[in-house]
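Shown below: run.tsv, with TSV, C-alpha atoms.
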chain	number	residue	atom	x	y	z
A	1	MET	CA	-5.46	2.96	18.47
A	2	TYR	CA	-8.47	2.14	16.32
A	3	ILE	CA	-9.53	4.87	13.91
A	4	GLU	CA	-12.41	3.82	11.72
A	5	SER	CA	-11.78	5.97	8.67
A	6	LEU	CA	-8.09	5.07	8.75
A	7	GLU	CA	-8.85	1.34	8.88
A	8	LYS	CA	-11.31	1.69	6.00
A	9	LEU	CA	-8.69	3.46	3.89
A	10	ILE	CA	-6.09	0.80	4.73
A	11	ASN	CA	-8.58	-1.89	3.70
A	12	SER	CA	-9.17	-0.19	0.36
A	13	PHE	CA	-5.44	-0.12	-0.33
A	14	ARG	CA	-5.18	-3.79	0.65
A	15	LYS	CA	-7.46	-4.70	-2.24
A	16	LEU	CA	-4.77	-3.58	-4.71
A	17	PRO	CA	-2.73	-6.45	-6.18
A	18	GLY	CA	0.23	-7.51	-4.04
A	19	VAL	CA	-0.45	-5.05	-1.21
A	20	GLY	CA	-0.30	-6.38	2.36
A	21	TYR	CA	-1.25	-4.66	5.60
A	22	LYS	CA	2.09	-2.90	6.19
A	23	THR	CA	2.23	-1.45	2.68
A	24	ALA	CA	-1.43	-0.42	2.82
A	25	GLN	CA	-0.73	1.33	6.11
A	26	ARG	CA	2.21	3.18	4.58
A	27	TYR	CA	0.05	4.30	1.65
A	28	ALA	CA	-2.74	5.44	4.00
A	29	TYR	CA	-0.32	7.47	6.12
A	30	SER	CA	1.07	9.12	3.01
A	31	ILE	CA	-2.48	10.20	2.11
A	32	LEU	CA	-2.98	11.64	5.60
A	33	ASN	CA	0.31	13.49	5.32
A	34	SER	CA	-0.43	14.88	1.87
A	35	SER	CA	-2.46	18.02	1.16
A	36	LYS	CA	-6.25	18.02	1.07
A	37	GLU	CA	-6.09	18.95	-2.63
A	38	ASN	CA	-3.91	15.95	-3.38
A	39	ALA	CA	-6.30	13.57	-1.61
A	40	LYS	CA	-9.27	15.10	-3.42
A	41	GLU	CA	-7.49	14.78	-6.76
A	42	PHE	CA	-6.65	11.13	-6.05
A	43	ALA	CA	-10.29	10.33	-5.24
A	44	ASP	CA	-11.49	12.21	-8.34
A	45	ASN	CA	-9.03	10.37	-10.56
A	46	ILE	CA	-10.34	7.01	-9.35
A	47	ILE	CA	-13.96	8.00	-9.99
A	48	ASN	CA	-13.19	9.59	-13.37
A	49	ALA	CA	-11.10	6.69	-14.63
A	50	LYS	CA	-13.80	4.21	-13.65
A	51	GLU	CA	-16.55	6.34	-15.23
A	52	ASN	CA	-14.82	7.47	-18.41
A	53	ILE	CA	-12.93	4.37	-19.44
A	54	LYS	CA	-14.84	1.71	-21.33
A	55	PHE	CA	-13.72	-0.91	-23.81
A	56	CYS	CA	-13.32	0.05	-27.47
A	57	ALA	CA	-16.16	-1.64	-29.39
A	58	GLU	CA	-13.67	-2.75	-32.06
A	59	CYS	CA	-10.44	-3.85	-30.43
A	60	GLY	CA	-11.58	-4.30	-26.83
A	61	ASN	CA	-8.78	-2.16	-25.42
A	62	PHE	CA	-9.44	0.55	-22.80
A	63	SER	CA	-10.84	3.68	-24.39
A	64	GLU	CA	-12.58	6.87	-23.41
A	65	THR	CA	-14.48	6.89	-26.70
A	66	GLU	CA	-16.79	4.33	-28.35
A	67	ILE	CA	-14.05	3.48	-30.88
A	68	CYS	CA	-10.46	4.09	-29.77
A	69	ASP	CA	-7.98	6.32	-31.61
A	70	ASN	CA	-5.96	3.35	-32.78
A	71	CYS	CA	-8.92	1.70	-34.46
A	72	LEU	CA	-10.01	4.96	-36.07
A	73	LYS	CA	-6.63	5.90	-37.52
A	74	LYS	CA	-4.43	2.85	-37.97
A	75	ASN	CA	-4.09	0.47	-40.86
A	76	LYS	CA	-6.34	-2.58	-40.45
A	77	ASP	CA	-4.37	-4.84	-42.82
A	78	ILE	CA	-2.55	-6.32	-39.85
A	79	ILE	CA	-4.23	-7.20	-36.54
A	80	CYS	CA	-2.11	-8.11	-33.53
A	81	VAL	CA	-4.01	-10.33	-31.09
A	82	VAL	CA	-3.15	-10.04	-27.38
A	83	LYS	CA	-4.58	-11.38	-24.14
A	84	GLU	CA	-4.98	-8.19	-22.09
A	85	PRO	CA	-4.89	-4.38	-22.40
A	86	LYS	CA	-1.49	-4.25	-20.71
A	87	ASP	CA	-0.07	-6.37	-23.52
A	88	VAL	CA	-1.06	-3.59	-25.94
A	89	VAL	CA	1.15	-1.22	-23.95
A	90	ALA	CA	4.01	-3.71	-24.27
A	91	MET	CA	3.56	-4.26	-28.01
A	92	GLU	CA	3.26	-0.53	-28.68
A	93	LYS	CA	6.93	-0.23	-27.75
A	94	VAL	CA	7.68	-1.89	-31.09
A	95	LYS	CA	7.82	1.21	-33.24
A	96	SER	CA	7.86	-0.75	-36.50
A	97	PHE	CA	4.37	-2.22	-35.95
A	98	ASP	CA	1.72	0.03	-37.44
A	99	GLY	CA	-1.42	-2.11	-37.38
A	100	VAL	CA	-4.31	-2.40	-34.94
A	101	PHE	CA	-4.73	-4.60	-31.87
A	102	HIS	CA	-7.35	-7.04	-30.76
A	103	VAL	CA	-7.70	-7.73	-27.03
A	104	LEU	CA	-9.11	-11.17	-26.23
A	105	HIS	CA	-9.65	-10.46	-22.51
A	106	GLY	CA	-8.31	-13.83	-21.50
A	107	THR	CA	-7.15	-17.11	-22.98
A	108	ILE	CA	-8.94	-20.42	-23.33
A	109	SER	CA	-8.48	-22.21	-20.03
A	110	PRO	CA	-10.39	-25.40	-19.21
A	111	LEU	CA	-8.94	-25.27	-15.70
A	112	GLU	CA	-10.51	-21.88	-15.05
A	113	ASN	CA	-13.63	-22.91	-16.92
A	114	ARG	CA	-13.07	-20.37	-19.71
A	115	GLY	CA	-14.03	-21.58	-23.20
A	116	PRO	CA	-13.73	-20.03	-26.68
A	117	ASN	CA	-17.05	-18.22	-26.25
A	118	ASP	CA	-15.87	-16.44	-23.12
A	119	ILE	CA	-13.16	-14.47	-24.90
A	120	ARG	CA	-13.43	-12.09	-27.87
A	121	ILE	CA	-12.82	-14.59	-30.70
A	122	LYS	CA	-16.10	-14.01	-32.56
A	123	GLU	CA	-15.35	-10.28	-32.72
A	124	LEU	CA	-11.91	-11.02	-34.20
A	125	LEU	CA	-13.40	-13.13	-37.00
A	126	GLN	CA	-15.89	-10.37	-37.77
A	127	ARG	CA	-13.16	-7.74	-37.95
A	128	VAL	CA	-11.00	-9.86	-40.25
A	129	GLN	CA	-13.92	-10.27	-42.66
A	130	LYS	CA	-15.11	-6.67	-42.41
A	131	TYR	CA	-11.71	-5.12	-43.13
A	132	ASN	CA	-10.43	-7.86	-45.41
A	133	THR	CA	-7.38	-8.14	-43.16
A	134	LYS	CA	-4.18	-9.58	-44.68
A	135	GLU	CA	-2.40	-10.82	-41.58
A	136	VAL	CA	-3.23	-11.74	-38.00
A	137	ILE	CA	-0.27	-11.86	-35.59
A	138	MET	CA	-0.93	-14.04	-32.56
A	139	ALA	CA	0.84	-12.30	-29.66
A	140	THR	CA	-0.65	-14.23	-26.76
A	141	ASN	CA	1.79	-15.14	-23.98
A	142	PRO	CA	4.33	-17.89	-24.77
A	143	ASP	CA	2.83	-20.34	-22.27
A	144	VAL	CA	0.57	-23.39	-22.55
A	145	GLU	CA	-2.71	-21.47	-22.54
A	146	GLY	CA	-1.40	-18.73	-24.83
A	147	ASP	CA	-0.10	-21.31	-27.33
A	148	ALA	CA	-3.33	-23.33	-27.25
A	149	THR	CA	-5.45	-20.22	-27.77
A	150	ALA	CA	-3.26	-19.07	-30.67
A	151	MET	CA	-3.54	-22.51	-32.26
A	152	TYR	CA	-7.31	-22.63	-31.81
A	153	ILE	CA	-7.84	-19.19	-33.34
A	154	SER	CA	-5.51	-19.92	-36.27
A	155	ARG	CA	-7.69	-22.92	-37.23
A	156	LEU	CA	-10.79	-20.72	-37.26
A	157	LEU	CA	-9.02	-18.14	-39.42
A	158	GLU	CA	-7.87	-20.70	-42.00
A	159	PRO	CA	-11.02	-20.57	-44.21
A	160	LEU	CA	-10.90	-16.74	-44.23
A	161	ASN	CA	-7.81	-16.69	-46.41
A	162	VAL	CA	-5.69	-14.64	-44.03
A	163	LYS	CA	-2.05	-15.16	-43.13
A	164	VAL	CA	-1.70	-16.12	-39.47
A	165	THR	CA	1.65	-15.67	-37.71
A	166	ARG	CA	2.94	-16.08	-34.17
A	167	LEU	CA	5.60	-14.11	-32.29
A	168	ALA	CA	8.95	-15.91	-32.58
A	169	GLN	CA	10.05	-17.81	-29.50
A	170	GLY	CA	13.69	-17.95	-28.51
A	171	VAL	CA	16.24	-16.59	-26.05
A	172	SER	CA	15.68	-13.03	-24.80
A	173	MET	CA	18.10	-10.24	-25.54
A	174	GLY	CA	20.49	-9.73	-22.63
A	175	SER	CA	19.64	-13.03	-20.97
A	176	GLU	CA	22.18	-15.75	-20.16
A	177	LEU	CA	22.00	-19.15	-21.87
A	178	GLU	CA	23.01	-20.77	-18.61
A	179	PHE	CA	19.66	-19.83	-17.06
A	180	ALA	CA	17.42	-20.41	-20.09
A	181	ASP	CA	14.92	-23.25	-19.67
A	182	GLU	CA	14.85	-26.33	-21.87
A	183	ILE	CA	11.73	-25.46	-23.86
A	184	THR	CA	12.99	-21.97	-24.68
A	185	LEU	CA	16.32	-23.39	-25.88
A	186	THR	CA	14.59	-26.11	-27.91
A	187	ARG	CA	12.41	-23.54	-29.68
A	188	ALA	CA	15.32	-21.17	-30.22
A	189	LEU	CA	17.25	-24.02	-31.83
A	190	GLU	CA	14.35	-25.12	-34.02
A	191	SER	CA	13.78	-21.56	-35.26
A	192	ARG	CA	17.49	-20.81	-35.77
A	193	ILE	CA	18.27	-18.37	-38.58
A	194	LYS	CA	21.21	-18.05	-40.97
A	195	ILE	CA	23.61	-15.21	-40.19
B	1	MET	CA	-2.49	4.23	-26.45
B	2	TYR	CA	-2.88	7.42	-24.47
B	3	ILE	CA	-5.96	7.58	-22.26
B	4	GLU	CA	-6.08	10.74	-20.21
B	5	SER	CA	-8.09	9.53	-17.22
B	6	LEU	CA	-5.97	6.38	-17.03
B	7	GLU	CA	-2.71	8.37	-17.06
B	8	LYS	CA	-4.06	10.68	-14.35
B	9	LEU	CA	-4.97	7.71	-12.16
B	10	ILE	CA	-1.53	6.16	-12.72
B	11	ASN	CA	0.07	9.47	-11.73
B	12	SER	CA	-1.94	9.57	-8.52
B	13	PHE	CA	-0.76	6.09	-7.60
B	14	ARG	CA	2.83	7.05	-8.39
B	15	LYS	CA	2.71	9.64	-5.61
B	16	LEU	CA	2.42	6.85	-3.02
B	17	PRO	CA	5.72	5.98	-1.30
B	18	GLY	CA	7.87	3.48	-3.22
B	19	VAL	CA	5.50	3.14	-6.18
B	20	GLY	CA	7.02	3.31	-9.67
B	21	TYR	CA	5.30	3.46	-13.05
B	22	LYS	CA	4.83	-0.30	-13.51
B	23	THR	CA	3.29	-0.78	-10.07
B	24	ALA	CA	1.07	2.28	-10.47
B	25	GLN	CA	-0.12	0.88	-13.80
B	26	ARG	CA	-0.96	-2.45	-12.16
B	27	TYR	CA	-2.92	-0.69	-9.42
B	28	ALA	CA	-4.80	1.43	-11.98
B	29	TYR	CA	-5.75	-1.63	-14.04
B	30	SER	CA	-7.02	-3.36	-10.92
B	31	ILE	CA	-9.30	-0.36	-10.28
B	32	LEU	CA	-10.59	-0.54	-13.87
B	33	ASN	CA	-11.22	-4.26	-13.45
B	34	SER	CA	-13.01	-3.88	-10.12
B	35	SER	CA	-16.67	-3.01	-9.68
B	36	LYS	CA	-17.97	0.54	-9.82
B	37	GLU	CA	-19.02	0.25	-6.17
B	38	ASN	CA	-15.52	-0.75	-5.15
B	39	ALA	CA	-13.99	2.24	-6.97
B	40	LYS	CA	-16.54	4.58	-5.42
B	41	GLU	CA	-15.84	3.17	-1.96
B	42	PHE	CA	-12.08	3.59	-2.46
B	43	ALA	CA	-12.53	7.24	-3.46
B	44	ASP	CA	-14.89	7.87	-0.52
B	45	ASN	CA	-12.47	6.28	1.93
B	46	ILE	CA	-9.70	8.61	0.78
B	47	ILE	CA	-11.88	11.69	1.17
B	48	ASN	CA	-13.33	10.57	4.51
B	49	ALA	CA	-9.98	9.65	6.02
B	50	LYS	CA	-8.51	13.00	4.99
B	51	GLU	CA	-11.53	14.93	6.29
B	52	ASN	CA	-12.20	13.07	9.54
B	53	ILE	CA	-8.71	12.40	10.81
B	54	LYS	CA	-6.99	15.19	12.70
B	55	PHE	CA	-4.30	15.13	15.36
B	56	CYS	CA	-5.26	14.59	18.99
B	57	ALA	CA	-4.74	17.90	20.82
B	58	GLU	CA	-3.02	16.06	23.67
B	59	CYS	CA	-0.78	13.34	22.28
B	60	GLY	CA	-0.53	14.39	18.63
B	61	ASN	CA	-1.54	10.99	17.30
B	62	PHE	CA	-4.14	10.58	14.55
B	63	SER	CA	-7.66	10.89	15.93
B	64	GLU	CA	-11.20	11.40	14.71
B	65	THR	CA	-12.03	13.32	17.86
B	66	GLU	CA	-10.49	16.43	19.51
B	67	ILE	CA	-8.92	14.26	22.23
B	68	CYS	CA	-8.22	10.62	21.32
B	69	ASP	CA	-9.57	7.61	23.20
B	70	ASN	CA	-6.16	6.75	24.59
B	71	CYS	CA	-5.70	10.17	26.16
B	72	LEU	CA	-9.22	10.15	27.58
B	73	LYS	CA	-9.03	6.73	29.20
B	74	LYS	CA	-5.46	5.72	29.90
B	75	ASN	CA	-3.26	6.32	32.89
B	76	LYS	CA	-1.13	9.45	32.47
B	77	ASP	CA	1.53	8.47	35.03
B	78	ILE	CA	3.69	7.14	32.21
B	79	ILE	CA	4.13	8.87	28.85
B	80	CYS	CA	5.86	7.06	25.98
B	81	VAL	CA	7.45	9.52	23.53
B	82	VAL	CA	7.66	8.46	19.87
B	83	LYS	CA	8.62	10.12	16.62
B	84	GLU	CA	5.59	9.34	14.44
B	85	PRO	CA	2.04	7.97	14.59
B	86	LYS	CA	3.16	4.66	13.09
B	87	ASP	CA	5.49	4.16	16.06
B	88	VAL	CA	2.40	4.25	18.29
B	89	VAL	CA	1.02	1.28	16.36
B	90	ALA	CA	4.33	-0.55	16.92
B	91	MET	CA	4.48	0.21	20.66
B	92	GLU	CA	0.82	-0.74	21.17
B	93	LYS	CA	1.83	-4.32	20.42
B	94	VAL	CA	3.45	-4.32	23.86
B	95	LYS	CA	0.46	-5.41	25.90
B	96	SER	CA	2.17	-4.67	29.23
B	97	PHE	CA	2.39	-0.93	28.54
B	98	ASP	CA	-0.70	0.86	29.78
B	99	GLY	CA	0.25	4.54	29.65
B	100	VAL	CA	-0.32	7.25	27.05
B	101	PHE	CA	1.78	8.27	24.08
B	102	HIS	CA	3.25	11.52	22.89
B	103	VAL	CA	3.98	11.93	19.19
B	104	LEU	CA	6.78	14.40	18.44
B	105	HIS	CA	6.12	14.52	14.68
B	106	GLY	CA	9.81	14.38	13.85
B	107	THR	CA	13.18	14.47	15.54
B	108	ILE	CA	15.64	17.29	15.92
B	109	SER	CA	17.67	17.33	12.71
B	110	PRO	CA	20.06	20.18	11.92
B	111	LEU	CA	20.63	18.64	8.48
B	112	GLU	CA	16.95	18.93	7.62
B	113	ASN	CA	16.75	22.30	9.35
B	114	ARG	CA	14.41	21.00	12.08
B	115	GLY	CA	15.04	22.47	15.52
B	116	PRO	CA	13.49	21.79	18.97
B	117	ASN	CA	10.69	24.26	18.30
B	118	ASP	CA	9.59	22.42	15.15
B	119	ILE	CA	8.56	19.26	17.00
B	120	ARG	CA	6.08	18.82	19.87
B	121	ILE	CA	8.49	19.22	22.81
B	122	LYS	CA	6.74	22.18	24.45
B	123	GLU	CA	3.48	20.20	24.53
B	124	LEU	CA	5.26	17.30	26.22
B	125	LEU	CA	6.59	19.52	29.00
B	126	GLN	CA	3.11	20.94	29.53
B	127	ARG	CA	1.55	17.48	29.77
B	128	VAL	CA	4.15	16.28	32.26
B	129	GLN	CA	3.42	19.28	34.51
B	130	LYS	CA	-0.36	19.15	34.07
B	131	TYR	CA	-0.69	15.45	34.91
B	132	ASN	CA	2.18	15.28	37.37
B	133	THR	CA	3.60	12.41	35.30
B	134	LYS	CA	5.93	9.97	37.06
B	135	GLU	CA	7.91	8.59	34.12
B	136	VAL	CA	8.68	9.54	30.52
B	137	ILE	CA	9.90	6.71	28.29
B	138	MET	CA	11.89	7.95	25.31
B	139	ALA	CA	11.01	5.58	22.45
B	140	THR	CA	12.48	7.53	19.55
B	141	ASN	CA	14.30	5.42	16.96
B	142	PRO	CA	17.70	4.02	17.98
B	143	ASP	CA	19.63	6.17	15.50
B	144	VAL	CA	21.72	9.34	15.77
B	145	GLU	CA	18.80	11.75	15.49
B	146	GLY	CA	16.56	9.69	17.75
B	147	ASP	CA	19.27	9.43	20.41
B	148	ALA	CA	20.09	13.15	20.24
B	149	THR	CA	16.43	14.11	20.51
B	150	ALA	CA	15.92	11.78	23.48
B	151	MET	CA	18.98	13.26	25.18
B	152	TYR	CA	17.83	16.83	24.51
B	153	ILE	CA	14.35	16.21	25.89
B	154	SER	CA	15.66	14.39	28.97
B	155	ARG	CA	17.70	17.50	29.90
B	156	LEU	CA	14.57	19.66	29.67
B	157	LEU	CA	12.64	17.21	31.84
B	158	GLU	CA	15.29	17.12	34.59
B	159	PRO	CA	13.99	20.14	36.59
B	160	LEU	CA	10.42	18.71	36.48
B	161	ASN	CA	11.31	15.89	38.85
B	162	VAL	CA	10.22	13.08	36.50
B	163	LYS	CA	12.01	9.81	35.83
B	164	VAL	CA	13.22	9.64	32.23
B	165	THR	CA	14.02	6.28	30.65
B	166	ARG	CA	15.04	5.07	27.22
B	167	LEU	CA	14.17	1.81	25.40
B	168	ALA	CA	16.97	-0.72	25.94
B	169	GLN	CA	19.28	-1.24	22.98
B	170	GLY	CA	20.66	-4.66	22.18
B	171	VAL	CA	20.39	-7.59	19.78
B	172	SER	CA	16.91	-8.28	18.37
B	173	MET	CA	15.04	-11.48	19.15
B	174	GLY	CA	15.52	-14.01	16.35
B	175	SER	CA	18.43	-12.15	14.75
B	176	GLU	CA	21.86	-13.67	14.20
B	177	LEU	CA	24.90	-12.30	16.00
B	178	GLU	CA	26.94	-12.82	12.85
B	179	PHE	CA	25.02	-10.05	11.10
B	180	ALA	CA	24.65	-7.64	14.02
B	181	ASP	CA	26.52	-4.34	13.59
B	182	GLU	CA	29.28	-3.17	15.89
B	183	ILE	CA	27.32	-0.45	17.69
B	184	THR	CA	24.42	-2.78	18.44
B	185	LEU	CA	26.80	-5.39	19.87
B	186	THR	CA	28.68	-2.76	21.89
B	187	ARG	CA	25.44	-1.53	23.46
B	188	ALA	CA	24.17	-5.06	24.05
B	189	LEU	CA	27.43	-5.84	25.87
B	190	GLU	CA	27.35	-2.65	27.94
B	191	SER	CA	23.76	-3.29	29.02
B	192	ARG	CA	24.27	-6.99	29.72
B	193	ILE	CA	22.10	-8.43	32.46
B	194	LYS	CA	22.67	-11.22	35.00
B	195	ILE	CA	20.82	-14.46	34.25
Transcribe the structure of this file into structure tokens.
Amino acid sequence: MYIESLEKLINSFRKLPGVGYKTAQRYAYSILNSSKENAKEFADNIINAKENIKFCAECGNFSETEICDNCLKKNKDIICVVKEPKDVVAMEKVKSFDGVFHVLHGTISPLENRGPNDIRIKELLQRVQKYNTKEVIMATNPDVEGDATAMYISRLLEPLNVKVTRLAQGVSMGSELEFADEITLTRALESRIKI
Amino acid sequence: MYIESLEKLINSFRKLPGVGYKTAQRYAYSILNSSKENAKEFADNIINAKENIKFCAECGNFSETEICDNCLKKNKDIICVVKEPKDVVAMEKVKSFDGVFHVLHGTISPLENRGPNDIRIKELLQRVQKYNTKEVIMATNPDVEGDATAMYISRLLEPLNVKVTRLAQGVSMGSELEFADEITLTRALESRIKI
């Protein structure tokens, strides 16, 4: 059977990350089996999200307003720098952090041809000066690119008289030493604390 | 961060089968990162699929027309009975089959309170009489409900002077005997063929 509108819907689902033909087909069938209202709502939610959500002019996170709630209300003494909007969601789980975020929208990556001017570093420097920020926490991913980007930015921040910190690296809670990699163990050992 | 249109989009994705919060979030972000045209197309495809696709009045499969292409063109001497539209897709892979399908839209299931009148059995009997069909192949799933439904329907077809067959049950191609279950092996042994 070849049904044009079904194939088109399956193809749309296939564009989602990690979705192959079988899964896309399952999703498409579930739409056909759901109510007309549900399908309409789904379509509306896609359009609305795409139309209403922009990037906050300050922190670069998703926002429905010019400046997001976080940037309007929170303390700007501490700025936590992350790679992507989803990292903000992760960091927000830490209840004790009460500062604002800064989303870089990428890390410096010569391999992918992305230099310092392609990510939001200039905006970070401006914010630090504008709000006389006391501390910048580099919370980029603990990988080569994340480390290099954090290092690069910390050099630029040096003349601005701001404390620059980096998330501690070590063994994760609940993990097993047996399966920890060498670099993680090395860093955990180097940063060991007195108990 | 709480962004209403983002949460609504995530909730829509969560209604898809097997999608949890994390996956829905990933899908939503991919929509936000895609072009406006792509998002619009996705939304349109949902609406169009839901509006254009009905069930074929003959076979019960998805169709954009009153009677589907299969039912218009194919030989009605053999009808292959399946549980759901996706089973039609599976059976169509068998190039040697050239008959039409009949989608029951479920199997008889006392547990789920679904009796013979809740699935398309009456329509099957009508088709067999109308087209003077020679053979009905029961291709419901090889499980308790599928077997019971096939058995039930074959009794109803008896007086209509039509040959009723069932897909053979045995070990799957490429599988390992070691992991085959007892019932499968029993049936494979019972239906053994001379080589």
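Using all atoms listed in the file, the smallest distance between any of A:Leu104, A:Met151, A:Met91, A:Ile3 and chain B comes from A:Ile3.
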Worksheet item: What are the residues of chain A that have an atom within 6 Å of an atom of chain B, counting all atoms listed in the file, as a PyMOL selection string?
Response: chain A and resi 5-6+9+12+16+27+32+42-43+45+49-50
Practice prompt. Can you work out which one of B:Pro159, B:Thr165, B:Asp98, B:Ala148 has the shortest atom-to-atom distance to Val81 of chain B, counting only C-alpha atoms?
Written response: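 Smallest separation from Val81 of chain B among the options: B:Thr165.
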Worksheet entry | Separation of atom CA of Asp143 of chain B from atom CA of Leu177 of chain B, in Å and rounded to one decimal | 19.2 Å
Env of segment 116-124 of chain A: 6 Å cut, atoms = all atoms listed in the file, seq-sep filter 5 positions within chain, self excluded. Answer as an mmCIF file with C-alpha atoms, keeping the file's coordinate frame.
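part-v7.cif, written as the output of this step:
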data_model
loop_
_atom_site.group_PDB
_atom_site.id
_atom_site.type_symbol
_atom_site.label_atom_id
_atom_site.label_comp_id
_atom_site.auth_asym_id
_atom_site.auth_seq_id
_atom_site.Cartn_x
_atom_site.Cartn_y
_atom_site.Cartn_z
ATOM 1 C CA LEU A 104 -9.110 -11.170 -26.230
ATOM 2 C CA HIS A 105 -9.650 -10.460 -22.510
ATOM 3 C CA GLY A 106 -8.310 -13.830 -21.500
ATOM 4 C CA ILE A 108 -8.940 -20.420 -23.330
#
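Separating atom CA of Cys80 of chain A from atom CA of Lys22 of chain B is a distance of 22.6 Å.
Atom CA of Asp87 of chain B to atom CA of Glu112 of chain B spans 20.5 Å [interatomic distance, one decimal].
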Practice prompt. For the point (3.3, 14.8, 28.8) in the file's frame, write as a ChimeraX atom specification all residues with an atom no more than 12 Å away, counting only C-alpha atoms.
Written response: /B:57-60,71,75-82,99-104,120-138,153,157,160,162,164
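For Val171 of chain B, the non-local neighbours within 7 Å, defined as residues at least 3 positions apart in the same chain or in other chains and counting only C-alpha atoms, are Thr184, Leu185 and Ala188 of chain B.
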Practice prompt. Select, from A:Met173, A:Leu167, A:Val94, A:Ile67, the residue with the minimum atom-to-atom distance to Gly146 of chain A, counting all atoms listed in the file.
Written response: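 Closest to Gly146 of chain A, using all atoms listed in the file: A:Leu167.
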Discussion item. My list of candidates is B:Thr107, B:Ala24, B:Ser154, B:Glu145. Which is closest to Arg166 of chain B when distances are computed with only C-alpha atoms?
Written reply: B:Ser154
